[in-house]
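First up is the structure itself, then whatever we jot down about it.
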Amino acid sequence: MYAEKYDDFGPTLACEKLAERDGVAISVSTLRRALIACGLWKPERNGREYHARRAAREHFGELVQFDGSHHDWFEGSRGRCCLITLIDDATKTRLSQFFEEETMFGAMTVLKRWIETYGIPESLYCDQKNAFVLIRGPTDKELLAGITHLKSHFGKACDRLDIEVIAANSPQAKGRVERNRGVDQDRLVSD
């Protein structure tokens with residue numbers, strides 16, 4: 001039944017749909033083991049190195065994770081676009097919005113909505129992308145002009161709001177928002 005109806009679903013969503021649509025009650029772990037045994041599902045950690053999870057921050061607004069997820073969200077009817085998401089590290093409160101691309105306009109729009117809804121976060125954890133964080137050092141010309149710390153327009157805006165921008169060294173460092181991407185793609189597209 002999984003192969004016929006739900007082969008593009010993960011075990012958790014397939015389990016929910018089997019119960020909801022087909023009246024088949026099975027636990028997620030039992031379904032996952034059966035799918036792995038039949039070769040219909042591969043465990044995600046297959047060969048990957050284990051990374052211990054960083055403890056979540058204690059208070060809302062201490063750290064907000066930021067990420068854009070490029071995907072065919074509308075299954076061919078509109079083409080690929082980007083879902084930009086902010087997630088509070090302590091409470092997992094989230095805010096997302098679709099954009100054509102992951103641009104500074106999109107990032108600023110979602111950050112503005114976050115601030116209007118929840119207030120100004122203390123820090124923002126994002127990728128090392130030049131639109132958001134400049135990772136190059138100053139040129140000789142910039143050094144001669146007295147410029148020692150470079151900021152993107154996004155970084156300058158965050159400075160004015162007293163938001164610390166933290167550049168993640170890897171996608172795994174932003175684990176909460178990265179794990180959410182898979183859930184979004186599974187739920188928003190497959191459902």
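Letters for chains follow the order of the structure tokens (A, B, ...), residue numbers begin at 1 for each chain, and ligand numbers begin at 1 in the order shown.
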
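All residues of protein, DNA or RNA that reach within 6 Å of A:His71, judged by only C-alpha atoms and not counting those fewer than 2 positions away in the chain, are Trp73, Arg80 and Cys81 of chain A.
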
Restricting the output to C-alpha atoms, write the selected residues as a tab-separated table (two decimals), in the first residue's frame.
chain	number	residue	atom	x	y	z
A	73	TRP	CA	7.01	24.18	-3.56
A	80	ARG	CA	10.99	26.87	-7.94
A	81	CYS	CA	10.85	29.52	-5.24

Item to complete: Would you list the contacts of A:Asp89 as a VMD selection string, taking every protein, DNA or RNA residue within 9 Å and counting only C-alpha atoms, but skipping same-chain residues closer than 2 positions in sequence?
Response: chain A and resid 56 to 65 87 91 to 93 176 to 177

How about saving the chosen residues, N, CA and C atoms kept, as a tab-separated table (two decimals), in the first residue's frame?
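So part_7.tsv came out as:
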chain	number	residue	atom	x	y	z
A	56	ALA	N	19.33	24.23	23.37
A	56	ALA	CA	18.53	25.39	22.95
A	56	ALA	C	18.72	26.53	23.93
A	57	ARG	N	18.57	27.74	23.46
A	57	ARG	CA	18.63	28.90	24.33
A	57	ARG	C	17.46	28.84	25.32
A	58	GLU	N	17.59	29.53	26.42
A	58	GLU	CA	16.59	29.44	27.48
A	58	GLU	C	15.39	30.35	27.28
A	59	HIS	N	15.58	31.50	26.61
A	59	HIS	CA	14.52	32.50	26.56
A	59	HIS	C	14.15	32.86	25.13
A	60	PHE	N	12.87	33.13	24.92
A	60	PHE	CA	12.37	33.57	23.63
A	60	PHE	C	13.10	34.84	23.20
A	61	GLY	N	13.55	34.87	21.94
A	61	GLY	CA	14.19	36.05	21.39
A	61	GLY	C	15.69	36.12	21.57
A	62	GLU	N	16.27	35.20	22.36
A	62	GLU	CA	17.73	35.21	22.53
A	62	GLU	C	18.44	34.92	21.22
A	63	LEU	N	17.92	33.91	20.50
A	63	LEU	CA	18.54	33.51	19.24
A	63	LEU	C	17.43	33.08	18.28
A	64	VAL	N	17.40	33.68	17.11
A	64	VAL	CA	16.44	33.32	16.08
A	64	VAL	C	17.25	32.79	14.89
A	65	GLN	N	16.92	31.58	14.46
A	65	GLN	CA	17.60	30.98	13.31
A	65	GLN	C	16.90	31.39	12.04
A	87	ILE	N	13.04	30.93	12.96
A	87	ILE	CA	12.58	30.07	14.06
A	87	ILE	C	13.30	30.47	15.35
A	91	THR	N	11.81	28.41	21.75
A	91	THR	CA	10.42	27.95	21.75
A	91	THR	C	9.99	27.29	20.44
A	92	LYS	N	10.82	27.37	19.41
A	92	LYS	CA	10.51	26.86	18.07
A	92	LYS	C	9.36	27.63	17.41
A	93	THR	N	9.04	28.82	17.91
A	93	THR	CA	8.07	29.69	17.26
A	93	THR	C	8.65	30.05	15.90
A	176	ARG	N	18.00	23.40	13.99
A	176	ARG	CA	16.55	23.50	14.15
A	176	ARG	C	15.86	23.99	12.87
A	177	VAL	N	16.40	25.03	12.27
A	177	VAL	CA	15.77	25.54	11.05
A	177	VAL	C	16.04	24.61	9.86

Worksheet item: Which residues come within 12 Å of A:Leu111, counting only C-alpha atoms, excluding same-chain residues fewer than 5 positions away, as a ChimeraX atom specification?
Response: /A:64-67,84-87,94-97,104-106,116-121,123-124,132,154,157-158,161,163

Fill in: Which of A:Tyr125, A:His70, A:Ser77, A:Ala25 sits closest to A:Glu100 [using only C-alpha atoms]
A:His70

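Taking atom CA of A:Arg78 and atom CA of A:Thr103 as endpoints, the distance between them is 18.2 Å.
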
Discussion item. I need the residues of stretch 44-160 of chain A that end up classed as helix (DSSP H, G or I) by DSSP on the backbone, written out as a ChimeraX atom specification.
Written reply: /A:104-118,140-144,153-160

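The space between atom CA of A:Ile115 and atom CA of A:Ser152 spans 19.6 Å.
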
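Taking atom CA of A:Glu16 and atom CA of A:Val28 as the two end points, the separation is 8.5 Å.
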